[in-house]
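Report on the structure given below.
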Amino acid sequence: LGGEHPMWLVTGRSPLVAGRDSWTGSGMIDAFFDYWLPVFVHEMRAQVLGADIANAKYQEVISTDGASPPMTETGMNSYKDSPTALDDMRKVAEKQHKAKTQTFGRKLARLADTRFGKMICKWLQSSDLHDAGRLFDGCSSLTHSLPERRCKLSC
């Protein structure tokens with residue numbers, strides 16, 4: 001559970017597109033994966049092997065052009081003097097109240113497995129809700145032009 005991201009990009013060697021600080025090309029993508037992949041691997045390990053093993057195996061990389069080598073530090077305890085990408089993401093999750101919203105989302109998603117949920121899913125996914133006679137008949141969606149007639153729901 002770890003390693004380079006499985007992606008090859010064809011790009012120029014110009015620092016404008018290939019440099020790690022570039023916002024216009026493959027360098028930005030490599031920098032993103034160098035930051036995100038250790039967190040993803042940690043979370044997968046936590047799901048499969050348990051949090052203690054995932055914390056013991058946590059390892060970030062030195063983001064450089066070419067293959068990014070792993071840092072010598074291994075384990076969450078090795079990073080206690082400097083914030084990790086995982087710490088950053090946990091702070092964002094806390095600010096966004098993810099513990100509450102994800103719990104609610106999981107409970108709501110389970111409704112789709114009930115008889116009532118399956119019936120509603122079939123009804124909602126059977127045709128476009130903007131079609132004539134449907135819930136949003138006459139309403140504009142983000143992908144449609146402005147309505148030609150007034151929406152039934154006063155959208």
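Letters A, B, ... go to the chains of the structure tokens in the order shown; residues in each chain start at 1; ligands are counted from 1 in the same order.
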
- Message: Neighbouring residues of Glu73 of chain A were defined as those with any atom within 8 Å, considering only C-alpha atoms; residues of the same chain fewer than 2 positions away were excluded. Please report them as a list in words.
- Response: Gln59, Glu60, Met71, Gly75, Ser78 and Tyr79 of chain A

With N, CA, C and O atoms retained, write the just-selected residues as a compact mmCIF listing (two decimals), in the first residue's frame.
# COMPACT_ATOMS: atom_id res chain seq x y z
N GLN A 59 4.32 7.91 5.92
CA GLN A 59 5.56 8.46 5.38
C GLN A 59 5.25 9.42 4.25
O GLN A 59 4.50 9.09 3.33
N GLU A 60 5.81 10.61 4.33
CA GLU A 60 5.64 11.59 3.28
C GLU A 60 6.83 11.52 2.33
O GLU A 60 7.76 10.75 2.55
N MET A 71 10.67 10.42 2.48
CA MET A 71 11.43 11.01 3.59
C MET A 71 11.97 9.87 4.45
O MET A 71 11.44 8.76 4.43
N GLY A 75 6.32 6.96 10.32
CA GLY A 75 5.44 6.93 11.49
C GLY A 75 5.01 8.33 11.89
O GLY A 75 5.78 9.29 11.78
N SER A 78 7.17 10.51 14.18
CA SER A 78 8.36 11.14 13.61
C SER A 78 8.07 12.55 13.10
O SER A 78 8.99 13.34 12.91
N TYR A 79 6.80 12.85 12.86
CA TYR A 79 6.42 14.14 12.28
C TYR A 79 5.83 15.09 13.31
O TYR A 79 5.27 16.11 12.96

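Distance check against Pro69 of chain A using only C-alpha atoms: of A:Arg90, A:Lys98, A:Asp34, A:Arg20, the minimum falls on A:Asp34.
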
Find the residues near Ala46 of chain A: any atom within 12 Å, counting only C-alpha atoms, skip ones fewer than 6 places away on the same chain, and give them as a PDB file with N, CA and C atoms, in the first residue's frame.
ATOM      1  N   LEU A   1       0.836  -1.196   0.000  1.00  0.00           N
ATOM      2  CA  LEU A   1       0.000   0.000   0.000  1.00  0.00           C
ATOM      3  C   LEU A   1       0.868   1.243   0.000  1.00  0.00           C
ATOM      4  N   VAL A  39      -1.450  10.690   2.374  1.00  0.00           N
ATOM      5  CA  VAL A  39      -2.674  10.722   3.187  1.00  0.00           C
ATOM      6  C   VAL A  39      -3.644   9.647   2.719  1.00  0.00           C
ATOM      7  N   PHE A  40      -3.786   9.505   1.405  1.00  0.00           N
ATOM      8  CA  PHE A  40      -4.661   8.468   0.855  1.00  0.00           C
ATOM      9  C   PHE A  40      -4.199   7.080   1.281  1.00  0.00           C
ATOM     10  N   ASP A  52      -3.440   1.939  14.167  1.00  0.00           N
ATOM     11  CA  ASP A  52      -2.103   1.859  14.757  1.00  0.00           C
ATOM     12  C   ASP A  52      -1.041   1.529  13.713  1.00  0.00           C
ATOM     13  N   ILE A  53      -1.332   0.563  12.850  1.00  0.00           N
ATOM     14  CA  ILE A  53      -0.374   0.187  11.802  1.00  0.00           C
ATOM     15  C   ILE A  53      -0.250   1.316  10.781  1.00  0.00           C
ATOM     16  N   ALA A  54      -1.374   1.932  10.423  1.00  0.00           N
ATOM     17  CA  ALA A  54      -1.337   3.046   9.472  1.00  0.00           C
ATOM     18  C   ALA A  54      -0.493   4.194  10.019  1.00  0.00           C
ATOM     19  N   ASN A  55      -0.663   4.513  11.301  1.00  0.00           N
ATOM     20  CA  ASN A  55       0.129   5.588  11.915  1.00  0.00           C
ATOM     21  C   ASN A  55       1.613   5.232  11.954  1.00  0.00           C
ATOM     22  N   ALA A  56       1.919   3.956  12.211  1.00  0.00           N
ATOM     23  CA  ALA A  56       3.317   3.516  12.275  1.00  0.00           C
ATOM     24  C   ALA A  56       3.989   3.552  10.903  1.00  0.00           C
ATOM     25  N   LYS A  57       3.217   3.374   9.828  1.00  0.00           N
ATOM     26  CA  LYS A  57       3.788   3.317   8.479  1.00  0.00           C
ATOM     27  C   LYS A  57       3.684   4.636   7.720  1.00  0.00           C
ATOM     28  N   TYR A  58       3.079   5.657   8.327  1.00  0.00           N
ATOM     29  CA  TYR A  58       2.900   6.934   7.630  1.00  0.00           C
ATOM     30  C   TYR A  58       4.251   7.484   7.182  1.00  0.00           C
TER      31      TYR A  58
END

- How would you write, as a VMD selection string, the set of residues in chain A that DSSP gives as alpha helix (DSSP H)? chain A and resid 15 to 18 26 to 48 51 to 57 85 to 95 98 to 110 115 to 125

- Distance of atom CA of Val48 of chain A from atom CA of Ala93 of chain A, expressed in Å to one decimal place: 21.6 Å

So which residues touch Gly19 of chain A within 12 Å, counting only C-alpha atoms, skipping near sequence neighbours fewer than 3 positions away, as a short mmCIF file (atom, residue, chain, number, x, y, z; two decimals) with N, CA and C atoms, in the first residue's frame?
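Result file is out-v4.cif:
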data_model
loop_
_atom_site.label_atom_id
_atom_site.label_comp_id
_atom_site.auth_asym_id
_atom_site.auth_seq_id
_atom_site.Cartn_x
_atom_site.Cartn_y
_atom_site.Cartn_z
N THR A 11 4.54 15.93 -21.53
CA THR A 11 4.58 17.38 -21.38
C THR A 11 5.94 17.90 -21.82
N GLY A 12 6.03 19.19 -21.96
CA GLY A 12 7.31 19.80 -22.29
C GLY A 12 8.21 19.87 -21.06
N ARG A 13 9.47 20.17 -21.27
CA ARG A 13 10.41 20.27 -20.16
C ARG A 13 10.49 21.68 -19.59
N SER A 14 9.71 22.56 -20.12
CA SER A 14 9.71 23.94 -19.66
C SER A 14 9.27 24.01 -18.20
N PRO A 15 9.96 24.81 -17.38
CA PRO A 15 9.52 24.98 -15.99
C PRO A 15 8.09 25.55 -15.90
N LEU A 16 7.65 26.23 -16.95
CA LEU A 16 6.31 26.79 -16.95
C LEU A 16 5.25 25.69 -16.82
N SER A 22 4.55 25.16 -10.81
CA SER A 22 3.72 25.57 -11.93
C SER A 22 2.25 25.27 -11.66
N TRP A 23 1.38 26.18 -12.02
CA TRP A 23 -0.07 25.96 -11.90
C TRP A 23 -0.68 25.64 -13.26
N THR A 24 0.15 25.39 -14.25
CA THR A 24 -0.38 25.22 -15.60
C THR A 24 -0.10 23.88 -16.24
N GLY A 25 0.47 22.93 -15.53
CA GLY A 25 0.78 21.68 -16.20
C GLY A 25 1.02 20.51 -15.27
N SER A 26 1.86 19.61 -15.75
CA SER A 26 2.08 18.35 -15.05
C SER A 26 2.80 18.52 -13.72
N GLY A 27 3.59 19.58 -13.57
CA GLY A 27 4.28 19.81 -12.31
C GLY A 27 3.30 19.99 -11.17
N MET A 28 2.21 20.70 -11.42
CA MET A 28 1.18 20.90 -10.40
C MET A 28 0.54 19.57 -10.01
N ILE A 29 0.32 18.70 -10.99
CA ILE A 29 -0.29 17.40 -10.72
C ILE A 29 0.65 16.54 -9.89
N ASP A 30 1.93 16.54 -10.24
CA ASP A 30 2.91 15.79 -9.44
C ASP A 30 2.98 16.31 -8.01
N ALA A 31 2.99 17.63 -7.84
CA ALA A 31 3.04 18.22 -6.50
C ALA A 31 1.80 17.83 -5.71
N SER A 63 9.09 16.35 -2.32
CA SER A 63 8.54 16.68 -3.63
C SER A 63 9.61 17.31 -4.52
N THR A 64 10.06 16.54 -5.50
CA THR A 64 11.08 17.01 -6.44
C THR A 64 10.69 16.61 -7.85
N ASP A 65 11.29 17.28 -8.82
CA ASP A 65 11.06 16.89 -10.21
C ASP A 65 11.58 15.46 -10.40
N GLY A 66 10.89 14.70 -11.21
CA GLY A 66 11.23 13.28 -11.37
C GLY A 66 10.54 12.49 -10.27
#

- Task: Write out as a ChimeraX atom specification the residues lying within 12 Å of Asp87 of chain A, counting only C-alpha atoms and excluding same-chain residues fewer than 3 positions away.
- Result: /A:35-36,38-39,42,58,76,79-84,90-94

May I have the selected residues written with N, CA, C and O atoms, as a short mmCIF file (atom, residue, chain, number, x, y, z; two decimals), in the first residue's frame?
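Here's the written file selection.cif:
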data_model
loop_
_atom_site.label_atom_id
_atom_site.label_comp_id
_atom_site.auth_asym_id
_atom_site.auth_seq_id
_atom_site.Cartn_x
_atom_site.Cartn_y
_atom_site.Cartn_z
N TYR A 35 1.65 15.45 -2.20
CA TYR A 35 1.00 15.92 -0.98
C TYR A 35 -0.14 14.99 -0.56
O TYR A 35 -0.27 14.62 0.60
N TRP A 36 -0.95 14.58 -1.53
CA TRP A 36 -2.19 13.85 -1.24
C TRP A 36 -1.99 12.36 -1.08
O TRP A 36 -2.64 11.72 -0.24
N PRO A 38 0.34 10.29 0.24
CA PRO A 38 0.62 9.71 1.56
C PRO A 38 -0.60 9.68 2.48
O PRO A 38 -0.79 8.74 3.25
N VAL A 39 -1.45 10.69 2.37
CA VAL A 39 -2.67 10.72 3.19
C VAL A 39 -3.64 9.65 2.72
O VAL A 39 -4.23 8.93 3.53
N HIS A 42 -2.38 6.33 3.86
CA HIS A 42 -2.62 6.21 5.31
C HIS A 42 -4.07 5.81 5.59
O HIS A 42 -4.34 4.91 6.39
N TYR A 58 3.08 5.66 8.33
CA TYR A 58 2.90 6.93 7.63
C TYR A 58 4.25 7.48 7.18
O TYR A 58 5.21 7.52 7.95
N MET A 76 3.78 8.46 12.35
CA MET A 76 3.24 9.76 12.74
C MET A 76 4.06 10.42 13.85
O MET A 76 4.21 11.63 13.87
N TYR A 79 6.80 12.85 12.86
CA TYR A 79 6.42 14.14 12.28
C TYR A 79 5.83 15.09 13.31
O TYR A 79 5.27 16.11 12.96
N LYS A 80 5.94 14.77 14.61
CA LYS A 80 5.24 15.57 15.62
C LYS A 80 5.77 17.00 15.73
O LYS A 80 5.08 17.88 16.20
N ASP A 81 7.00 17.26 15.27
CA ASP A 81 7.56 18.61 15.33
C ASP A 81 7.18 19.48 14.13
O ASP A 81 7.42 20.68 14.14
N SER A 82 6.65 18.87 13.09
CA SER A 82 6.23 19.64 11.92
C SER A 82 4.89 19.11 11.42
O SER A 82 4.64 17.91 11.45
N PRO A 83 4.01 20.01 10.98
CA PRO A 83 2.70 19.56 10.52
C PRO A 83 2.80 18.72 9.24
O PRO A 83 3.63 19.00 8.38
N THR A 84 1.96 17.72 9.14
CA THR A 84 1.92 16.84 7.97
C THR A 84 0.73 17.21 7.09
O THR A 84 -0.15 17.97 7.50
N ARG A 90 -6.94 17.14 8.32
CA ARG A 90 -7.78 16.97 9.50
C ARG A 90 -8.28 18.32 10.01
O ARG A 90 -9.43 18.43 10.47
N LYS A 91 -7.45 19.37 9.92
CA LYS A 91 -7.89 20.71 10.33
C LYS A 91 -9.01 21.22 9.43
O LYS A 91 -9.99 21.79 9.90
N VAL A 92 -8.86 21.00 8.14
CA VAL A 92 -9.90 21.42 7.19
C VAL A 92 -11.20 20.65 7.47
O VAL A 92 -12.28 21.22 7.50
N ALA A 93 -11.08 19.34 7.71
CA ALA A 93 -12.26 18.52 8.01
C ALA A 93 -12.96 19.00 9.27
O ALA A 93 -14.19 19.03 9.34
N GLU A 94 -12.18 19.41 10.26
CA GLU A 94 -12.77 19.91 11.50
C GLU A 94 -13.51 21.22 11.26
O GLU A 94 -14.63 21.40 11.74
#
